[in-house]
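Participant: My structure file data_22.txt, compact mmCIF, C-alpha atoms and all ligand atoms, is below:
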# COMPACT_ATOMS: atom_id res chain seq x y z
CA MET A 1 -6.17 -4.50 18.58
CA ALA A 2 -6.32 -4.72 14.83
CA LEU A 3 -9.62 -4.04 13.13
CA VAL A 4 -10.74 -5.48 9.86
CA PRO A 5 -14.00 -4.95 8.00
CA GLU A 6 -16.19 -8.05 8.01
CA ASN A 7 -16.23 -8.19 4.24
CA LEU A 8 -12.44 -7.93 4.04
CA LYS A 9 -11.92 -10.76 6.49
CA TRP A 10 -12.03 -13.50 3.93
CA SER A 11 -11.70 -14.10 0.26
CA LEU A 12 -13.42 -16.72 -1.87
CA PRO A 13 -10.93 -19.10 -3.44
CA VAL A 14 -10.23 -18.31 -7.10
CA PRO A 15 -7.57 -19.65 -9.47
CA SER A 16 -3.96 -18.69 -9.08
CA VAL A 17 -3.12 -16.15 -11.77
CA GLN A 18 0.45 -17.45 -12.00
CA GLU A 19 -0.99 -20.89 -12.82
CA LEU A 20 -3.27 -19.36 -15.46
CA ALA A 21 -0.37 -17.43 -16.96
CA ILE A 22 1.77 -20.53 -17.50
CA GLN A 23 -0.97 -22.16 -19.56
CA GLY A 24 0.04 -19.87 -22.42
CA LEU A 25 -3.51 -18.56 -23.07
CA ASP A 26 -3.89 -16.08 -25.90
CA LYS A 27 -6.98 -14.48 -24.31
CA VAL A 28 -7.75 -13.76 -20.68
CA PRO A 29 -10.73 -15.61 -19.16
CA PRO A 30 -13.92 -13.47 -19.06
CA ARG A 31 -13.81 -12.97 -15.29
CA TYR A 32 -10.67 -10.87 -15.71
CA VAL A 33 -11.81 -8.76 -18.65
CA ARG A 34 -12.55 -5.17 -17.68
CA GLU A 35 -14.56 -3.02 -20.01
CA ASP A 36 -14.13 -0.13 -17.59
CA VAL A 37 -10.34 0.26 -17.66
CA ASP A 38 -9.83 3.98 -17.65
CA LYS A 39 -7.40 4.68 -20.44
CA ILE A 40 -6.38 8.26 -19.71
CA VAL A 41 -2.76 7.49 -18.96
CA VAL A 42 -0.01 10.03 -19.00
CA ALA A 43 3.52 8.67 -19.02
CA SER A 44 5.53 10.56 -16.45
CA THR A 45 8.26 11.19 -18.98
CA SER A 46 5.97 13.13 -21.32
CA ASP A 47 5.47 16.09 -18.99
CA PRO A 48 7.86 16.95 -16.15
CA ALA A 49 4.97 18.52 -14.23
CA LEU A 50 3.36 15.08 -14.19
CA ARG A 51 6.32 13.34 -12.66
CA VAL A 52 5.87 12.01 -9.15
CA PRO A 53 7.94 14.19 -6.77
CA LEU A 54 11.31 12.91 -5.58
CA ILE A 55 12.27 13.43 -1.94
CA ASP A 56 15.77 12.92 -0.58
CA MET A 57 15.82 11.79 3.04
CA ASN A 58 19.46 12.94 3.40
CA LYS A 59 18.39 16.46 2.53
CA LEU A 60 15.60 16.25 5.12
CA VAL A 61 18.09 15.26 7.77
CA TYR A 62 20.97 17.68 7.06
CA PRO A 63 20.38 21.09 8.67
CA ASP A 64 21.62 23.05 5.62
CA SER A 65 19.15 21.51 3.21
CA GLN A 66 16.33 20.69 5.61
CA GLU A 67 14.08 23.71 5.25
CA LYS A 68 13.95 23.52 1.47
CA GLU A 69 13.40 19.76 1.40
CA VAL A 70 10.65 19.93 4.05
CA GLN A 71 8.90 22.48 1.83
CA LYS A 72 9.24 20.12 -1.10
CA LEU A 73 7.84 17.28 0.99
CA HIS A 74 4.96 19.49 2.09
CA SER A 75 3.98 20.29 -1.51
CA ALA A 76 4.38 16.64 -2.49
CA CYS A 77 1.93 15.59 0.25
CA LYS A 78 -0.45 18.43 -0.59
CA GLU A 79 -0.47 18.21 -4.37
CA TRP A 80 0.13 14.50 -4.88
CA GLY A 81 -0.09 12.49 -1.66
CA VAL A 82 2.65 10.32 -3.16
CA PHE A 83 6.39 10.65 -3.77
CA GLN A 84 9.49 8.59 -4.38
CA MET A 85 12.08 8.67 -1.66
CA ILE A 86 15.82 8.10 -1.98
CA HIS A 87 18.47 7.75 0.74
CA HIS A 88 15.85 6.38 3.12
CA GLY A 89 18.52 4.71 5.25
CA VAL A 90 17.53 1.06 4.68
CA SER A 91 20.57 -0.98 3.72
CA ASP A 92 20.86 -2.44 0.23
CA GLU A 93 21.37 -5.76 1.95
CA SER A 94 17.95 -5.68 3.64
CA LEU A 95 16.22 -4.63 0.40
CA THR A 96 18.05 -7.24 -1.66
CA ASN A 97 17.35 -10.02 0.86
CA MET A 98 13.69 -9.19 0.92
CA ARG A 99 13.44 -9.02 -2.88
CA GLU A 100 15.24 -12.35 -3.26
CA GLN A 101 13.10 -14.14 -0.69
CA VAL A 102 9.89 -12.81 -2.19
CA GLN A 103 11.00 -13.78 -5.68
CA GLY A 104 11.98 -17.21 -4.35
CA PHE A 105 8.58 -17.65 -2.75
CA PHE A 106 6.63 -16.88 -5.92
CA ASP A 107 9.00 -19.13 -7.90
CA LEU A 108 8.01 -22.15 -5.74
CA PRO A 109 5.68 -24.73 -7.27
CA PHE A 110 2.02 -23.89 -6.65
CA GLN A 111 1.52 -26.91 -4.34
CA GLU A 112 4.25 -25.62 -2.06
CA LYS A 113 2.99 -22.06 -1.97
CA LYS A 114 -0.41 -23.44 -0.97
CA SER A 115 1.06 -24.55 2.37
CA TRP A 116 0.66 -20.91 3.41
CA ALA A 117 -2.70 -20.27 1.73
CA GLN A 118 -5.45 -18.05 3.15
CA LYS A 119 -7.96 -19.84 5.37
CA PRO A 120 -11.69 -19.09 5.63
CA GLY A 121 -12.30 -16.21 8.02
CA ASN A 122 -8.78 -14.88 7.80
CA ILE A 123 -7.28 -12.20 5.59
CA GLU A 124 -3.67 -13.38 5.98
CA GLY A 125 -1.79 -15.80 3.77
CA TYR A 126 -1.16 -16.60 0.15
CA GLY A 127 -4.01 -16.22 -2.35
CA GLN A 128 -6.08 -13.51 -4.00
CA ALA A 129 -7.52 -10.62 -2.05
CA PHE A 130 -11.05 -9.44 -1.43
CA VAL A 131 -13.02 -11.80 -3.62
CA THR A 132 -16.43 -11.72 -2.02
CA SER A 133 -18.80 -12.87 -4.76
CA GLU A 134 -18.86 -15.44 -7.51
CA ASP A 135 -19.57 -12.85 -10.23
CA GLN A 136 -17.01 -10.26 -9.15
CA LYS A 137 -14.39 -9.24 -11.73
CA LEU A 138 -10.97 -10.50 -10.74
CA GLU A 139 -7.60 -8.76 -10.58
CA TRP A 140 -4.58 -10.17 -12.44
CA ASN A 141 -2.73 -10.62 -9.18
CA ASP A 142 -1.62 -13.28 -6.71
CA MET A 143 -0.47 -12.06 -3.34
CA ILE A 144 0.58 -12.89 0.17
CA PHE A 145 -0.61 -10.72 3.03
CA LEU A 146 1.02 -10.91 6.46
CA ARG A 147 0.76 -8.96 9.67
CA ALA A 148 4.37 -8.22 10.52
CA LEU A 149 4.39 -5.79 13.46
CA PRO A 150 3.94 -5.64 16.34
CA VAL A 151 5.55 -9.04 16.77
CA GLU A 152 2.57 -10.25 18.87
CA SER A 153 0.23 -9.74 15.90
CA ARG A 154 2.10 -12.31 13.76
CA ASP A 155 0.45 -15.56 12.84
CA LEU A 156 3.37 -17.72 11.78
CA THR A 157 1.13 -20.37 10.25
CA PHE A 158 0.94 -17.98 7.26
CA TRP A 159 4.65 -17.09 7.20
CA PRO A 160 6.44 -19.07 4.48
CA GLU A 161 9.34 -21.25 5.60
CA LYS A 162 10.51 -21.48 2.01
CA PRO A 163 12.73 -20.02 0.77
CA ARG A 164 14.68 -20.74 3.93
CA ASP A 165 15.35 -17.12 4.89
CA PHE A 166 11.92 -15.68 4.11
CA ARG A 167 10.93 -15.20 7.74
CA LYS A 168 14.27 -13.73 8.71
CA ALA A 169 14.21 -11.28 5.81
CA LEU A 170 10.63 -10.18 6.51
CA ASN A 171 11.38 -9.75 10.18
CA ALA A 172 14.31 -7.42 9.43
CA TYR A 173 12.53 -5.68 6.58
CA SER A 174 9.40 -4.86 8.58
CA GLU A 175 11.51 -3.33 11.37
CA ASP A 176 13.30 -1.29 8.71
CA MET A 177 10.00 -0.09 7.26
CA ARG A 178 8.72 0.99 10.66
CA ARG A 179 11.94 2.94 11.22
CA VAL A 180 11.43 4.68 7.87
CA ALA A 181 7.85 5.56 8.84
CA VAL A 182 9.04 6.95 12.18
CA SER A 183 11.71 9.18 10.57
CA LEU A 184 9.48 10.30 7.77
CA MET A 185 6.57 11.26 10.04
CA ARG A 186 8.80 13.76 11.79
CA PHE A 187 9.31 15.63 8.53
CA ILE A 188 5.72 15.24 7.37
CA ALA A 189 4.64 16.85 10.65
CA MET A 190 7.27 19.60 10.22
CA GLY A 191 5.85 20.31 6.78
CA LEU A 192 2.53 21.00 8.47
CA GLY A 193 4.26 23.33 10.93
CA LEU A 194 3.82 20.82 13.77
CA GLU A 195 6.35 19.75 16.37
CA GLY A 196 7.69 16.65 14.63
CA GLN A 197 8.77 14.45 17.50
CA GLN A 198 5.32 13.59 18.81
CA TYR A 199 3.99 12.51 15.42
CA SER A 200 7.08 10.49 14.78
CA ASP A 201 6.75 8.83 18.22
CA ASN A 202 3.19 7.84 17.30
CA TYR A 203 4.58 5.34 14.79
CA LYS A 204 7.26 3.81 17.04
CA GLU A 205 5.02 1.00 18.29
CA GLY A 206 2.72 1.13 15.27
CA MET A 207 1.35 -1.76 13.28
CA CYS A 208 2.86 -2.83 9.93
CA ASP A 209 1.13 -5.15 7.49
CA VAL A 210 3.02 -6.43 4.46
CA ARG A 211 1.45 -7.40 1.17
CA VAL A 212 3.52 -8.81 -1.65
CA ASN A 213 1.85 -8.53 -5.03
CA CYS A 214 2.73 -10.80 -7.93
CA TYR A 215 1.48 -9.68 -11.36
CA PRO A 216 2.25 -12.47 -13.85
CA PRO A 217 2.60 -11.78 -17.58
CA CYS A 218 -0.78 -11.37 -19.22
CA PRO A 219 -1.84 -12.14 -22.81
CA GLU A 220 -4.13 -9.05 -22.93
CA PRO A 221 -2.66 -6.57 -20.44
CA GLU A 222 -4.78 -3.64 -21.64
CA ARG A 223 -8.01 -5.50 -20.76
CA VAL A 224 -7.24 -6.36 -17.14
CA MET A 225 -6.38 -4.66 -13.85
CA GLY A 226 -3.47 -5.81 -11.71
CA ALA A 227 -4.91 -3.87 -8.79
CA ASN A 228 -8.18 -1.94 -8.96
CA PRO A 229 -8.08 1.80 -8.26
CA HIS A 230 -8.11 2.25 -4.50
CA GLY A 231 -6.67 4.11 -1.57
CA ASP A 232 -4.80 2.36 1.20
CA ILE A 233 -6.33 1.78 4.62
CA CYS A 234 -3.46 3.01 6.79
CA GLY A 235 -1.33 6.00 7.78
CA ILE A 236 1.43 5.72 5.18
CA THR A 237 2.34 3.05 2.64
CA LEU A 238 5.91 2.19 1.63
CA LEU A 239 6.24 0.36 -1.67
CA LEU A 240 9.39 -1.37 -2.90
CA GLU A 241 9.70 -2.50 -6.50
CA CYS A 242 11.46 -5.80 -7.15
CA GLY A 243 12.47 -4.88 -10.69
CA ASP A 244 12.45 -2.04 -13.16
CA MET A 245 9.15 -2.62 -14.88
CA PRO A 246 6.53 0.08 -14.25
CA GLY A 247 3.04 -0.94 -13.13
CA LEU A 248 1.95 1.46 -10.42
CA GLN A 249 -0.13 4.45 -11.56
CA VAL A 250 -1.41 7.36 -9.51
CA LEU A 251 -4.43 9.51 -10.27
CA LYS A 252 -3.43 13.17 -10.52
CA ASP A 253 -5.74 15.88 -11.83
CA GLY A 254 -7.79 13.33 -13.76
CA HIS A 255 -4.80 11.54 -15.32
CA TRP A 256 -3.25 8.23 -14.42
CA VAL A 257 0.43 8.96 -13.99
CA VAL A 258 2.95 6.13 -14.31
CA VAL A 259 5.37 5.82 -11.42
CA GLU A 260 8.66 4.90 -13.10
CA PRO A 261 10.68 2.67 -10.76
CA ILE A 262 13.90 4.16 -9.41
CA TYR A 263 16.23 1.42 -8.23
CA GLY A 264 16.47 1.38 -4.43
CA ALA A 265 13.89 4.16 -3.94
CA MET A 266 10.70 3.62 -1.97
CA VAL A 267 7.35 4.90 -3.18
CA VAL A 268 5.54 6.56 -0.28
CA ASN A 269 1.87 7.28 -0.37
CA LEU A 270 -0.44 8.71 2.23
CA GLY A 271 -3.06 6.16 3.11
CA TYR A 272 -6.75 6.64 3.66
CA ILE A 273 -9.75 4.84 4.84
CA SER A 274 -11.55 5.01 1.57
CA CYS A 275 -14.64 4.14 0.13
CA ARG A 276 -15.28 4.76 -3.47
CA SER A 277 -18.07 2.35 -4.20
CA LYS A 278 -17.38 3.15 -7.86
CA TYR A 279 -14.09 1.34 -7.55
CA LEU A 280 -14.38 -1.08 -4.73
CA ASN A 281 -16.28 -4.30 -4.64
CA TYR A 282 -17.09 -3.96 -0.98
CA GLN A 283 -19.59 -1.39 0.22
CA ILE A 284 -18.31 1.35 2.47
CA PRO A 285 -19.99 4.77 2.83
CA ASN A 286 -19.09 7.16 0.10
CA GLU A 287 -16.68 9.37 2.01
CA ILE A 288 -12.95 9.54 2.36
CA TYR A 289 -11.56 9.43 5.85
CA LEU A 290 -7.87 9.55 5.83
CA ILE A 291 -5.57 9.07 8.77
CA MET A 292 -3.09 11.55 7.29
CA GLN A 293 -5.83 13.74 5.90
CA ILE A 294 -7.51 13.86 9.28
CA MET A 295 -4.22 14.63 11.00
CA SER A 296 -3.55 17.46 8.55
CA ASN A 297 -7.17 18.69 8.83
CA GLY A 298 -7.69 18.16 5.13
CA ILE A 299 -4.49 19.85 3.92
CA TYR A 300 -2.99 16.61 2.56
CA LYS A 301 -4.48 14.29 -0.01
CA ALA A 302 -4.52 10.54 -0.35
CA PRO A 303 -4.04 9.42 -3.93
CA ASP A 304 -6.10 6.85 -5.76
CA HIS A 305 -3.74 4.39 -7.36
CA ARG A 306 -3.90 1.20 -9.39
CA ALA A 307 -1.53 -1.37 -10.88
CA MET A 308 -1.38 -2.35 -14.54
CA VAL A 309 0.29 -5.49 -15.87
CA ASN A 310 2.66 -6.45 -18.64
CA LYS A 311 2.44 -8.82 -21.57
CA PHE A 312 5.84 -10.47 -21.17
CA LYS A 313 7.20 -9.86 -17.71
CA GLN A 314 6.09 -10.68 -14.22
CA ARG A 315 6.20 -7.80 -11.72
CA LEU A 316 6.51 -8.07 -7.95
CA SER A 317 5.87 -5.25 -5.49
CA ILE A 318 6.42 -5.34 -1.72
CA VAL A 319 3.96 -3.07 0.03
CA THR A 320 4.11 -2.14 3.73
CA PHE A 321 1.10 -0.48 5.34
CA CYS A 322 2.16 1.49 8.43
CA TYR A 323 -0.26 2.62 11.14
CA PRO A 324 0.17 4.81 14.22
CA ASN A 325 0.10 3.11 17.65
CA SER A 326 -3.38 1.90 18.44
CA SER A 327 -3.45 4.10 21.56
CA VAL A 328 -3.15 7.28 19.47
CA ASP A 329 -6.38 9.20 18.93
CA ILE A 330 -7.14 9.93 15.30
CA GLY A 331 -8.11 13.55 14.72
CA PRO A 332 -6.83 16.87 13.37
CA ALA A 333 -3.62 18.09 15.00
CA VAL A 334 -4.75 20.67 17.57
CA GLU A 335 -2.05 23.08 16.41
CA LEU A 336 -3.76 23.31 13.02
CA ILE A 337 -7.11 24.35 14.44
CA ASN A 338 -8.03 28.00 14.87
CA SER A 339 -10.95 30.30 14.12
CA GLU A 340 -10.03 30.44 10.45
CA HIS A 341 -9.44 26.69 10.26
CA PRO A 342 -12.08 24.87 12.24
CA PRO A 343 -11.68 21.11 12.62
CA LEU A 344 -12.99 19.27 9.58
CA TYR A 345 -12.99 15.92 11.39
CA LYS A 346 -13.91 14.71 14.84
CA THR A 347 -11.19 13.26 17.04
CA LEU A 348 -11.80 9.59 17.74
CA THR A 349 -10.05 6.67 19.33
CA GLU A 350 -8.89 4.09 16.83
CA ALA A 351 -11.79 1.80 17.74
CA GLU A 352 -14.38 4.60 17.41
CA TYR A 353 -12.77 5.67 14.17
CA PHE A 354 -13.28 2.33 12.50
CA HIS A 355 -16.65 1.65 14.04
CA SER A 356 -18.31 5.00 13.46
CA TYR A 357 -17.45 5.33 9.80
CA PHE A 358 -17.50 1.67 8.98
CA PRO A 359 -20.23 -0.09 10.86
CA THR A 360 -19.18 -3.34 9.24
CA PHE A 361 -15.72 -3.18 10.80
CA VAL A 362 -15.27 -5.68 13.58
CA SER A 363 -12.37 -6.46 15.82
CA HIS A 364 -10.58 -9.75 15.50
O1 LIG A 401 1.74 -3.09 -6.88
C1 LIG A 401 1.47 -1.90 -6.94
O2 LIG A 401 2.08 -1.12 -7.65
C2 LIG A 401 0.34 -1.33 -6.14
C3 LIG A 401 -0.10 -2.22 -5.00
C4 LIG A 401 -1.03 -1.54 -4.07
O3 LIG A 401 -1.46 -0.45 -4.29
C5 LIG A 401 -1.43 -2.22 -2.82
O4 LIG A 401 -1.05 -3.39 -2.60
O5 LIG A 401 -2.13 -1.57 -2.02
FE FE A 402 -2.43 0.42 -2.57
Produce C-alpha cells that represent the structure in this file.
Facilitator:
Amino acid sequence: MALVPENLKWSLPVPSVQELAIQGLDKVPPRYVREDVDKIVVASTSDPALRVPLIDMNKLVYPDSQEKEVQKLHSACKEWGVFQMIHHGVSDESLTNMREQVQGFFDLPFQEKKSWAQKPGNIEGYGQAFVTSEDQKLEWNDMIFLRALPVESRDLTFWPEKPRDFRKALNAYSEDMRRVAVSLMRFIAMGLGLEGQQYSDNYKEGMCDVRVNCYPPCPEPERVMGANPHGDICGITLLLECGDMPGLQVLKDGHWVVVEPIYGAMVVNLGYISCRSKYLNYQIPNEIYLIMQIMSNGIYKAPDHRAMVNKFKQRLSIVTFCYPNSSVDIGPAVELINSEHPPLYKTLTEAEYFHSYFPTFVSH
C-alpha cells in the first residue's frame, strides 16, 4: 500500500514552463521570482574537500578492495548523505534508452504531452508538482511522475506511449534501479557493521517511483529555483543526469555544493521524510524522520538539496525514489542498539510510520 500525504495528492494546474521558455521572455513572470534564493554556493572544483564523494561499485564488490571502499561509503553516508557512484552495473544501453525516451517525451508538442497530464486527486502524470495555492511561488520545472514498481502499482493511463519505446525503456530502467538499490543496501548496511543481506533483501520487492524533471532555459536563472530545497521522501534516491550541465546542489556545512555530472555515474542520496516548513510549501511537523537515518539510529544524514537552472540550456534529470518492501518495519537496526546507544527512534510499521508523524498522510 502506497501512502501519500493529502496535500501532495494533487497539484493545481499552472503553466508549462517549457511553453513559457519558448516565448523568449527577457524577464521571468513574478510568480517564479524568488527573493530568498540562498546564494552561498561553493563550486565543487574550488575546494577538493567540498567535492561530493565518489564510490566505485566494483571496488565494493571485489574482496581485495571491499573493506576500504565500504569505509569510504560509510563516511560518505555519515558526512554527506550523498555520493556519486560509478560502475553500478546498469548497462549503457539501458541508460541511453531511458535518456533518449525521456528527451523524446519532453520534445513532443505540448498538446501531445498533455495526453498524460496529471488529473485532480492524483499525483502521477505530466505537469508541475505540489502546487497547492494560487499565491505559491513556482519552480522553473516541468515534470512527469510515475509509479514504476511494483508492477501492480502502475497506472498506465499516465505512462506516455510516445516516443514509442518510452514504456519499454522505463520498465527496464526501473528494474535496473531496484537492482542497484538492492546491491547498494548490502554495502550501506555493512558500513554500519550490520549483516548486509537482510537489508539488501528488504529492497527486493520495494517500491520505486520515477520522476523526470525538465528545467527549460530561463532568462533570469539566478532569480528562480528549479527545485526548492528539500529532502526526498524515500529510502534512497538514484539520480541520472541526461547531459553534462550541472544543476543539482547539496547543502553541506552551510554551503550549497554543486554536483558536477560524471557521465554514466548515478547520484545517490539518502532519503528522508522531511519537513522543513522553512522550505516546503506544505505543512509537516518540524522534524526530520529519515528511513535511512532511522535505520542507522541517527548515524547517517539525509542531505537537503535543490536544483538551479541555466540561461541557455535545458536540463533533464531522471530521479528514482526507492523504498523498502512495505512489510518491513521502519526502526533502528537492533544490532546498533546498546546501553551506550539507546534507540533514537521508535520502530513502526510503514503505515504507523506515515500516520504517526504525518497525520495528514492517507492511504490511496
Ligand atoms: O534535478 C535535480 O537535480 C534534483 C531533483 C530532485 O531533487 C527531485 O526530483 O527530488
Ligand atoms: Fe530530491
Participant: Can you work out which residues are within 8 Å of ligand LIG 401 (chain A), considering all atoms listed in the file, and then hand them over as a PyMOL selection string?
Facilitator: chain A and resi 211-215+226-227+230-232+237+239+241+247-249+305-308+316-319
Participant: Using only C-alpha atoms, can you tell me which of A:Leu12, A:Leu149, A:Ala129, A:Val28 comes closest to Pro219 (chain A)?
Facilitator: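 Ranking A:Leu12, A:Leu149, A:Ala129, A:Val28 by distance to Pro219 (chain A), first place goes to A:Val28.
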Participant: So which residues fall inside 8 Å of (1.0, 0.1, 21.5) if we count all atoms listed in the file? Mind giving them as a list in words?
Facilitator: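 Residues satisfying the cut-off, written out: Glu205, Gly206, Asn325, Ser326 and Ser327 of chain A.
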Participant: Which neighbours of Asp135 (chain A) fall inside 12 Å, counting all atoms listed in the file, when residues of the same chain fewer than 6 positions from it are skipped, and could you give them as a list in words?
Facilitator: Leu12, Val14, Pro30, Arg31, Tyr32 and Asn281 of chain A
Participant: Considering only C-alpha atoms, can you say which of A:Arg178, A:Lys119, A:Arg223, A:Arg315 comes closest to Pro246 (chain A)?
Facilitator: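 Closest to Pro246 (chain A) of all the choices is A:Arg315.
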Participant: With all atoms listed in the file as the atoms that count, which of A:Pro324, A:Gln111, A:Met177, A:Val82 lies nearest to ligand FE 402 (chain A)?
Facilitator: A:Val82
Participant: Under the rule that only C-alpha atoms are counted, which of A:Lys113, A:Lys311, A:Arg147, A:Lys252 is the nearest residue to Gly24 (chain A)?
Facilitator: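 For Gly24 (chain A), the nearest of the given residues is A:Lys311.
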Participant: As a PyMOL selection string, please: the residues near Arg167 (chain A) (cut-off 12 Å, only C-alpha atoms, same-chain neighbours under 2 positions excluded).
Facilitator: chain A and resi 97-98+101-102+105+146+148+154-165+169-174
Participant: Any chance you can output those residues with C-alpha atoms as a CSV table (one decimal), in the frame of the given file?
Facilitator:
chain,number,residue,atom,x,y,z
A,97,ASN,CA,17.4,-10.0,0.9
A,98,MET,CA,13.7,-9.2,0.9
A,101,GLN,CA,13.1,-14.1,-0.7
A,102,VAL,CA,9.9,-12.8,-2.2
A,105,PHE,CA,8.6,-17.6,-2.8
A,146,LEU,CA,1.0,-10.9,6.5
A,148,ALA,CA,4.4,-8.2,10.5
A,154,ARG,CA,2.1,-12.3,13.8
A,155,ASP,CA,0.4,-15.6,12.8
A,156,LEU,CA,3.4,-17.7,11.8
A,157,THR,CA,1.1,-20.4,10.2
A,158,PHE,CA,0.9,-18.0,7.3
A,159,TRP,CA,4.6,-17.1,7.2
A,160,PRO,CA,6.4,-19.1,4.5
A,161,GLU,CA,9.3,-21.2,5.6
A,162,LYS,CA,10.5,-21.5,2.0
A,163,PRO,CA,12.7,-20.0,0.8
A,164,ARG,CA,14.7,-20.7,3.9
A,165,ASP,CA,15.4,-17.1,4.9
A,169,ALA,CA,14.2,-11.3,5.8
A,170,LEU,CA,10.6,-10.2,6.5
A,171,ASN,CA,11.4,-9.8,10.2
A,172,ALA,CA,14.3,-7.4,9.4
A,173,TYR,CA,12.5,-5.7,6.6
A,174,SER,CA,9.4,-4.9,8.6
Participant: Nearest residue to Cys234 (chain A) out of A:Val37, A:Trp256, A:Tyr323, A:Ala265, using only C-alpha atoms?
Facilitator: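 Result for the nearest residue to Cys234 (chain A): A:Tyr323.
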Participant: Rank nothing, just name the residue among A:Cys218, A:Val210, A:Val180, A:Ala76 nearest to ligand FE 402 (chain A), using all atoms listed in the file.
Facilitator: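 Checking each candidate against ligand FE 402 (chain A), we get A:Val210 as the closest.
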